[in-house]
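What follows is a single structure, written as structure tokens, with notes after it.
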Amino acid sequence: MGMTITEKIFANSAKKLRVIPGENVWLNVDILMTHDVCGPPTIEIWQREFGENAKIFDKNKLVIFPDHYIFTANTQANRNVQILRDFAKKHNLPHYYDPGTDRYKGVCHIALAEEGFNVPGTVIFGTDSHTCTAGAFGLFSTGVGNSDAAFILGTGKIWEKVPESMKFSFYGEMPNYLMAKDLILRILGDIGTDGATYRAMEFDGDTIFSLSMEERMTLTNMAIEAGGINGIIQCDKVCEEYVKQRTNKSYEIFTSDPDAKYFAKYEYDTSKIEPLVAKPHSPDNVDTVRSVQGTKLTKCYIGSCTGGKITDYIAAAKLLEGKKVKTTTVIVPATTLIAQQLDEIKINDKTINQIFADAGCVVGQPSCAACLGGPADTIGRAQDGEVIISTTNRNFPGRMGSKNSQVYLASALTVAASALNGFITDPRDFL
Amino acid sequence: MEKTIKSKVFVLSDNIDTDQIIPAEHLVYSLTDGNEAKLYGKFALSGVPAQLSGLPNGNINFVKDNTTTSEYSIILAGKNFGCGSSREHAPFALQKAGVKAVIAESYARIFYRNAVDGGFLIPFESNEKLNDKFSTGDEVEIDLENYTLTNITKNTKYQLKKLGDILPIIEAGNLFEYARKNQLT
């Protein structure tokens with residue numbers, strides 16, 4: 001019996017010839033990532049459990065991106081960043097990216113890719129559920145809590161149950177009105193928010209391999225919204241090119257065997273998929289944009305690890321160019337590099353930032369911002385009674401702030417089209 | 001490990017995500033500073049929409065105003081409890097509020113791991129949908145040796161799933177104790 005790509009990476013990391021779904025193994029961790037919300041308690045647990053002389057398993061394998069609550073006057077949030085700053089200084093950490101300096105990056109999952117930490121074939125754990133994003137690079141990555149992260153910080157190892165795998169294949173050319181967001185929403189609508197609980201979600205098919213790395217990351221990013229332990233896409237030439245431009249580290253490409261066993265296989269004709277939304281209050285409450293077309297909005301939001309990548313802004317800018325938005329439209333780029341690209345990349349002689357400014361959008365500083373609500377002074381935070389369409393990943397009650405708000409999830413194209421009308425709009429109306 | 005847990009039960013629906021368990025704006029508090037950590041108890045389950053807070057009728061505050069602990073030590077929910085973010089603050093907040101066990105039809109992976117590896121509470125799985133058979137405030141008892149859940153108020157009894165592979169970690173207290181006991185660190 002063959003193995004899936006996830007099983008092969010598990011076997012390699014656990015130093016076993018083969019693994020079987022359901023068995024518990026100890027994985028050797030290649031990268032541990034944390035941020036300002038979960039980093040401080042992780043450090044506290046590590047100190048408590050490993051004592052005064054606690055050692056970091058490998059400083060080169062610890063990556064800390066403060067990104068959640070950065071641009072806020074909240075003193076407790078600022079204190080948490082200071083705890084990370086002091087920790088990094090005390091231990092002379094090579095991979096700490098301090099806010100307020102030119103090392104600051106922004107949203108960890110995208111920065112991890114940009115900085116070359118996503119090495120195919122490796123194992124990444126992070127104290128954030130969207131750590132599964134990195135699986136777009138043919139590696140295993142998943143989110144854990146503070147205790148598991150503290151255990152890794154001290155030992156470099158963690159127990160994990162080998163997951164069963166589910167395969168989602170998309171075939172055919174990607175139409176200009178669709179983005180990867182529509183594909184993952186299609187899956188969420190089909191299998192639900194617990195449809196892949198504790199399972200690997202493998203994405204395959206010629207549509208997937210025609211996508212940029214940024215778009216692939218939208219798919220793997222939202223594996224957690226179906227309960228998946230990880231999302232994964234085999235590393236191809238596009239992936240290798242991205243990796244080689246950012247790191248000299250050697251990598252290993254794992255592939256699923258033709259006779260590998262899957263819990264389930266789903267196949268999609270991409271041309272038959274329509275622009276989709278997840279309606280309030282769950283990412284699996286999926287419907288076509290057409291069927292909610294006309295829903296009045298108080299705000300449009302384009303940002304986060306899911307929908308705040310350069311490809312999202314290029315898509316939005318093409319629609320917004322030369323037009324005005326009819327409702328508050330907030331742009332929060334995931335990282336400082338993306339923020340810089342908004343000033344550099346031009347569409348018809350205008351930078352993306354100029355297009356956004358001319359259209360009447362508000363552009364915030366790179367961070368997680370309103371995706372998860374955050375402190376009261378967070379840009380774009382949902383207020384009572386708001387109806388928002390957003391490129392983010394979750395719309396459970398209160399996720400973006402007030403639990404008395406309603407959030408629709410959609411692609412950057414759909415959000416941009418909706419911004420132009422002030423109500424939910426199918427992007428085909430502007431293409 | 002105790003042999004029984006007896007308490008009034010707080011009943012919730014499916015897909016109680018970590019933002020409902022502890023809204024993200026509260027994640028700034030210290031988990032180790034005694035007074036500050038109490039705030040996690042105070043705001044536990046404060047993100048649940050009012051009409052779904054304490055089924056079947058709703059509109060019941062899990063933690064009463066001006067207090068930091070709850071009168072409910074057992075939570076009974078539907079499917080996919082703890083979905084959403086990886087914040088360990090979620091099982092921590094429930095523990096701070098006084099929760100000893102959750103019974104759900106199923107759990108999201110990270111919440112389940114956090115509850116067990118951090119030693120915050122015991123996540124039991126029910127064999128069937130139970131949250132439509134219990135009312136918030138019912139007196140219930142979990143028998144940890146026989147994996148049964150008794151509703152004393154309604155005089156009914158249900159079997160729970162065995163804890164399986166994670167039992168040794170729960171018995172040890174948390175992942176670190178388990179690892180030391182088994183000389184894994």
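In the structure tokens, chains take letters A, B, ... by order of appearance, with residues numbered from 1 within each chain and ligands from 1 in the order shown.
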
### Query
Do you know which residues are at most 9 Å from Tyr408 of chain A counting only C-alpha atoms, after dropping those on the same chain fewer than 5 positions away, and could you put them as a list of chain:residue names?
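My reading of the contact set: A:Val277, A:Ala278, A:Lys279, A:Pro280, A:His281, A:Ser282, A:Pro283, A:Val387, A:Ile388, A:Ile389, A:Ser390, A:Thr391, A:Arg394, A:Asn395.
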
Residues of chain A within 7 Å of chain B, counting only C-alpha atoms - could you list those as a PDB file with C-alpha atoms, in the first residue's frame?
ATOM      1  CA  VAL A  37      -0.760  36.513  21.455  1.00  0.00           C
ATOM      2  CA  CYS A  38       0.512  32.997  22.125  1.00  0.00           C
ATOM      3  CA  PRO A  41       2.271  32.271  27.517  1.00  0.00           C
ATOM      4  CA  GLU A  49       8.247  23.207  32.995  1.00  0.00           C
ATOM      5  CA  GLN A  76      -1.465  44.830  27.918  1.00  0.00           C
ATOM      6  CA  ALA A  77      -1.073  44.074  24.207  1.00  0.00           C
ATOM      7  CA  THR A 127       0.874  28.677  17.801  1.00  0.00           C
ATOM      8  CA  ASP A 128      -1.755  29.763  15.330  1.00  0.00           C
ATOM      9  CA  SER A 129      -4.484  27.709  13.697  1.00  0.00           C
ATOM     10  CA  GLY A 143      -1.344  24.831  14.580  1.00  0.00           C
ATOM     11  CA  VAL A 144      -0.949  23.972  18.252  1.00  0.00           C
ATOM     12  CA  GLY A 145      -1.589  25.656  21.585  1.00  0.00           C
ATOM     13  CA  ASN A 146       0.835  27.088  24.113  1.00  0.00           C
ATOM     14  CA  SER A 147       1.541  23.864  26.019  1.00  0.00           C
ATOM     15  CA  ASP A 148       2.410  21.897  22.884  1.00  0.00           C
ATOM     16  CA  THR A 155      12.502  19.350  23.246  1.00  0.00           C
ATOM     17  CA  ASP A 194     -15.893  19.586  10.713  1.00  0.00           C
ATOM     18  CA  THR A 197     -11.450  17.109  11.407  1.00  0.00           C
ATOM     19  CA  TYR A 198      -8.016  15.678  12.194  1.00  0.00           C
ATOM     20  CA  GLU A 225     -11.923  25.963   8.622  1.00  0.00           C
ATOM     21  CA  GLY A 227     -11.187  21.080  10.810  1.00  0.00           C
ATOM     22  CA  LEU A 372      -9.894  38.620  14.598  1.00  0.00           C
ATOM     23  CA  GLY A 373     -11.431  41.763  16.011  1.00  0.00           C
ATOM     24  CA  GLY A 374      -8.637  42.670  18.389  1.00  0.00           C
ATOM     25  CA  PRO A 375      -8.445  45.560  20.871  1.00  0.00           C
ATOM     26  CA  GLY A 398     -17.951  38.095  17.027  1.00  0.00           C
ATOM     27  CA  ARG A 399     -14.886  36.952  15.102  1.00  0.00           C
ATOM     28  CA  LYS A 403     -21.038  39.605  18.103  1.00  0.00           C
TER      29      LYS A 403
END

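Atom to atom, atom CA of Tyr147 of chain B and atom CA of Lys161 of chain B stand 6.8 Å apart.
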
### Message
To one decimal place in Å, what is the distance between atom CA of Ala412 of chain A and atom CA of Asp349 of chain A?
### Response
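Atom-to-atom, atom CA of Ala412 of chain A to atom CA of Asp349 of chain A, that is 21.5 Å.
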
#### Entry: Top pick for closest residue to Gly126 of chain A, considering A:Asn230, A:Thr75, A:Asn53, A:Ser250 and counting only C-alpha atoms
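Of A:Asn230, A:Thr75, A:Asn53, A:Ser250, the one nearest Gly126 of chain A, counting only C-alpha atoms, is A:Asn230.
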
### Query
When you draw a straight line from atom CA of Lys15 of chain A to atom CA of Pro120 of chain A, how long is it in Å?
16.9 Å

### Message
Can you tell me, as a PyMOL selection string, which residues in segment 4-69 of chain A count as strand (DSSP E) by DSSP?
### Response
chain A and resi 24-28+31-34+62-64

Would you output that residue set with C-alpha atoms, as a PDB file, in the first residue's frame?
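Below is the file result.pdb, written as the result:
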ATOM      1  CA  ASN A  24       0.670   8.248  17.350  1.00  0.00           C
ATOM      2  CA  VAL A  25       4.230   9.233  16.494  1.00  0.00           C
ATOM      3  CA  TRP A  26       6.793  11.713  17.798  1.00  0.00           C
ATOM      4  CA  LEU A  27       7.676  14.249  15.144  1.00  0.00           C
ATOM      5  CA  ASN A  28      10.963  16.148  14.965  1.00  0.00           C
ATOM      6  CA  ILE A  31      10.409  25.197  12.585  1.00  0.00           C
ATOM      7  CA  LEU A  32       8.462  26.418  15.597  1.00  0.00           C
ATOM      8  CA  MET A  33       6.677  29.689  14.930  1.00  0.00           C
ATOM      9  CA  THR A  34       4.897  31.943  17.402  1.00  0.00           C
ATOM     10  CA  LEU A  62      12.478  29.314  16.374  1.00  0.00           C
ATOM     11  CA  VAL A  63      10.733  32.069  14.423  1.00  0.00           C
ATOM     12  CA  ILE A  64       8.792  34.863  16.151  1.00  0.00           C
TER      13      ILE A  64
END

### Task
Could you pull out the residues in chain B that DSSP calls alpha helix (DSSP H) from the backbone, as a PyMOL selection string?
chain B and resi 18-21+34-42+89-96+109-117+167-172+175-181

Include N, CA and C atoms and write out the residues we just selected as a compact mmCIF listing (two decimals), in the first residue's frame.
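This went into result.txt:
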# COMPACT_ATOMS: atom_id res chain seq x y z
N THR B 18 -13.60 29.21 19.32
CA THR B 18 -12.81 29.77 20.41
C THR B 18 -13.09 31.26 20.62
N ASP B 19 -13.61 31.95 19.61
CA ASP B 19 -13.99 33.35 19.81
C ASP B 19 -15.22 33.47 20.69
N GLN B 20 -16.06 32.46 20.66
CA GLN B 20 -17.22 32.47 21.56
C GLN B 20 -16.80 32.07 22.96
N ILE B 21 -15.80 31.20 23.05
CA ILE B 21 -15.32 30.75 24.37
C ILE B 21 -14.58 31.89 25.07
N GLY B 34 -2.06 36.32 38.92
CA GLY B 34 -3.28 35.83 39.55
C GLY B 34 -4.53 36.65 39.29
N ASN B 35 -4.44 37.95 39.58
CA ASN B 35 -5.63 38.79 39.42
C ASN B 35 -6.04 38.97 37.97
N GLU B 36 -5.02 39.14 37.11
CA GLU B 36 -5.33 39.35 35.70
C GLU B 36 -5.91 38.06 35.09
N ALA B 37 -5.36 36.92 35.50
CA ALA B 37 -5.81 35.64 34.94
C ALA B 37 -7.27 35.37 35.28
N LYS B 38 -7.74 35.94 36.40
CA LYS B 38 -9.16 35.75 36.77
C LYS B 38 -10.10 36.32 35.71
N LEU B 39 -9.60 37.30 34.95
CA LEU B 39 -10.44 37.92 33.91
C LEU B 39 -10.82 36.89 32.84
N TYR B 40 -9.95 35.89 32.64
CA TYR B 40 -10.31 34.84 31.67
C TYR B 40 -11.56 34.10 32.14
N GLY B 41 -11.65 33.86 33.47
CA GLY B 41 -12.86 33.23 34.01
C GLY B 41 -14.06 34.13 33.83
N LYS B 42 -13.87 35.39 34.13
CA LYS B 42 -14.96 36.37 34.03
C LYS B 42 -15.58 36.41 32.64
N HIS B 89 -5.86 29.88 25.43
CA HIS B 89 -6.62 30.70 26.37
C HIS B 89 -8.07 30.18 26.49
N ALA B 90 -8.55 29.43 25.50
CA ALA B 90 -9.94 28.94 25.52
C ALA B 90 -10.15 27.89 26.61
N PRO B 91 -9.43 26.74 26.59
CA PRO B 91 -9.62 25.82 27.72
C PRO B 91 -9.16 26.43 29.05
N PHE B 92 -8.16 27.31 28.99
CA PHE B 92 -7.70 27.99 30.21
C PHE B 92 -8.83 28.82 30.82
N ALA B 93 -9.55 29.57 29.96
CA ALA B 93 -10.65 30.42 30.44
C ALA B 93 -11.74 29.56 31.08
N LEU B 94 -12.05 28.43 30.44
CA LEU B 94 -13.09 27.55 31.00
C LEU B 94 -12.64 27.00 32.35
N GLN B 95 -11.36 26.61 32.44
CA GLN B 95 -10.83 26.11 33.71
C GLN B 95 -10.90 27.20 34.79
N LYS B 96 -10.51 28.41 34.41
CA LYS B 96 -10.54 29.53 35.37
C LYS B 96 -11.96 29.77 35.88
N ARG B 109 -9.60 19.67 16.56
CA ARG B 109 -8.35 19.05 17.00
C ARG B 109 -7.56 19.90 17.98
N ILE B 110 -7.36 21.18 17.70
CA ILE B 110 -6.43 21.96 18.54
C ILE B 110 -7.01 22.17 19.94
N PHE B 111 -8.29 22.47 20.03
CA PHE B 111 -8.91 22.64 21.35
C PHE B 111 -8.75 21.36 22.16
N TYR B 112 -9.01 20.23 21.51
CA TYR B 112 -8.94 18.93 22.17
C TYR B 112 -7.53 18.68 22.72
N ARG B 113 -6.53 18.93 21.88
CA ARG B 113 -5.13 18.76 22.31
C ARG B 113 -4.81 19.70 23.46
N ASN B 114 -5.22 20.96 23.33
CA ASN B 114 -4.90 21.95 24.35
C ASN B 114 -5.51 21.56 25.70
N ALA B 115 -6.77 21.11 25.66
CA ALA B 115 -7.46 20.74 26.90
C ALA B 115 -6.69 19.63 27.61
N VAL B 116 -6.18 18.67 26.81
CA VAL B 116 -5.50 17.50 27.37
C VAL B 116 -4.04 17.80 27.69
N ASP B 117 -3.30 18.30 26.71
CA ASP B 117 -1.86 18.50 26.89
C ASP B 117 -1.58 19.58 27.94
N LEU B 167 -5.82 9.11 27.65
CA LEU B 167 -6.05 8.88 29.08
C LEU B 167 -4.77 8.99 29.91
N PRO B 168 -3.65 8.37 29.47
CA PRO B 168 -2.42 8.49 30.28
C PRO B 168 -1.96 9.94 30.48
N ILE B 169 -2.20 10.80 29.49
CA ILE B 169 -1.81 12.21 29.65
C ILE B 169 -2.72 12.88 30.67
N ILE B 170 -4.03 12.58 30.59
CA ILE B 170 -4.98 13.16 31.55
C ILE B 170 -4.65 12.68 32.97
N GLU B 171 -4.33 11.39 33.09
CA GLU B 171 -4.01 10.84 34.42
C GLU B 171 -2.73 11.44 34.98
N ALA B 172 -1.77 11.70 34.08
CA ALA B 172 -0.50 12.29 34.53
C ALA B 172 -0.69 13.76 34.95
N LEU B 175 0.87 17.15 29.50
CA LEU B 175 1.86 16.52 28.62
C LEU B 175 3.25 16.46 29.27
N PHE B 176 3.59 17.50 30.03
CA PHE B 176 4.93 17.56 30.62
C PHE B 176 5.11 16.48 31.69
N GLU B 177 4.08 16.33 32.55
CA GLU B 177 4.12 15.30 33.58
C GLU B 177 4.16 13.91 32.93
N TYR B 178 3.37 13.75 31.89
CA TYR B 178 3.33 12.48 31.17
C TYR B 178 4.72 12.16 30.59
N ALA B 179 5.34 13.17 30.00
CA ALA B 179 6.65 12.96 29.37
C ALA B 179 7.72 12.64 30.42
N ARG B 180 7.65 13.32 31.56
CA ARG B 180 8.64 13.06 32.62
C ARG B 180 8.44 11.65 33.18
N LYS B 181 7.18 11.27 33.36
CA LYS B 181 6.86 9.95 33.90
C LYS B 181 7.38 8.85 32.97

### Query
Which residues come within 10 Å of segment 89-96 of chain A, counting only C-alpha atoms, excluding same-chain residues fewer than 6 positions away, as a PyMOL selection string?
chain A and resi 33-35+55-56+58-66+83+103-105+115

Write the residues of the selection above to a file with C-alpha atoms, as a PDB file, in the first residue's frame.
ATOM      1  CA  MET A  33       6.677  29.689  14.930  1.00  0.00           C
ATOM      2  CA  THR A  34       4.897  31.943  17.402  1.00  0.00           C
ATOM      3  CA  HIS A  35       3.486  35.472  17.728  1.00  0.00           C
ATOM      4  CA  LYS A  55      17.103  25.558  26.904  1.00  0.00           C
ATOM      5  CA  ILE A  56      15.639  26.441  23.522  1.00  0.00           C
ATOM      6  CA  ASP A  58      17.414  25.147  18.453  1.00  0.00           C
ATOM      7  CA  LYS A  59      17.499  28.946  18.163  1.00  0.00           C
ATOM      8  CA  ASN A  60      17.735  28.719  14.381  1.00  0.00           C
ATOM      9  CA  LYS A  61      14.455  26.820  14.287  1.00  0.00           C
ATOM     10  CA  LEU A  62      12.478  29.314  16.374  1.00  0.00           C
ATOM     11  CA  VAL A  63      10.733  32.069  14.423  1.00  0.00           C
ATOM     12  CA  ILE A  64       8.792  34.863  16.151  1.00  0.00           C
ATOM     13  CA  PHE A  65       6.609  37.278  14.181  1.00  0.00           C
ATOM     14  CA  PRO A  66       4.635  39.713  16.364  1.00  0.00           C
ATOM     15  CA  ILE A  83       7.895  40.166  26.599  1.00  0.00           C
ATOM     16  CA  ARG A 103      12.795  44.115  10.566  1.00  0.00           C
ATOM     17  CA  TYR A 104       9.044  44.134  11.252  1.00  0.00           C
ATOM     18  CA  LYS A 105       7.192  41.886   8.783  1.00  0.00           C
ATOM     19  CA  GLU A 115      11.438  34.924   4.467  1.00  0.00           C
TER      20      GLU A 115
END

Taking a cut-off of 7 Å and counting only C-alpha atoms, can you build a table that, for each residue of segment 357-381 of chain A near segment 323-336 of chain A, reports the nearest atom pair and how far apart they are in Å (one decimal), sorted by chain then residue number, as JSON lines?
{"residue": "A:Ala359", "atom": "CA", "partner": "A:Lys324", "partner_atom": "CA", "distance": 4.1}
{"residue": "A:Gly360", "atom": "CA", "partner": "A:Val325", "partner_atom": "CA", "distance": 6.1}
{"residue": "A:Cys361", "atom": "CA", "partner": "A:Thr329", "partner_atom": "CA", "distance": 4.9}
{"residue": "A:Val362", "atom": "CA", "partner": "A:Val330", "partner_atom": "CA", "distance": 4.9}
{"residue": "A:Val363", "atom": "CA", "partner": "A:Ile331", "partner_atom": "CA", "distance": 4.6}
{"residue": "A:Gly364", "atom": "CA", "partner": "A:Val332", "partner_atom": "CA", "distance": 4.8}
{"residue": "A:Gln365", "atom": "CA", "partner": "A:Val332", "partner_atom": "CA", "distance": 6.1}
{"residue": "A:Pro366", "atom": "CA", "partner": "A:Thr335", "partner_atom": "CA", "distance": 5.0}
{"residue": "A:Ser367", "atom": "CA", "partner": "A:Ala334", "partner_atom": "CA", "distance": 5.7}
{"residue": "A:Cys368", "atom": "CA", "partner": "A:Ala334", "partner_atom": "CA", "distance": 6.9}
{"residue": "A:Gly380", "atom": "CA", "partner": "A:Val330", "partner_atom": "CA", "distance": 6.3}

### Query
Contacts of Gly137 of chain B at 9 Å or less, counting only C-alpha atoms, minus same-chain residues fewer than 6 places along, as a PyMOL selection string?
chain B and resi 7-11+54+72+153

Given only C-alpha atoms, how would the per-residue table for segment 244-336 of chain A near segment 168-189 of chain A read, listing every residue at most 9 Å away with its closest atom pair and distance in Å to one decimal, sorted by chain and number, as CSV?
residue,atom,partner,partner_atom,distance
A:Ala264,CA,A:Phe168,CA,8.6
A:Lys265,CA,A:Phe168,CA,6.0
A:Tyr266,CA,A:Phe168,CA,4.8
A:Glu267,CA,A:Ser169,CA,4.8
A:Tyr268,CA,A:Phe170,CA,4.7
A:Asp269,CA,A:Tyr171,CA,5.2
A:Thr270,CA,A:Gly172,CA,5.7
A:Ser271,CA,A:Pro175,CA,6.6
A:Ile273,CA,A:Leu183,CA,7.5
A:Glu274,CA,A:Leu178,CA,7.2
A:Pro275,CA,A:Asp182,CA,5.8
A:Leu276,CA,A:Asp182,CA,5.5
A:Val277,CA,A:Leu185,CA,7.1
A:Ala278,CA,A:Leu185,CA,7.0
A:Pro283,CA,A:Leu188,CA,6.9
A:Asp284,CA,A:Gly189,CA,4.7
A:Asn285,CA,A:Gly189,CA,6.4
A:Val286,CA,A:Gly189,CA,5.0
A:Asp287,CA,A:Gly189,CA,7.8
A:Thr306,CA,A:Lys181,CA,8.3
A:Gly307,CA,A:Lys181,CA,8.1
A:Asp312,CA,A:Met179,CA,8.7
A:Ala315,CA,A:Met179,CA,8.9
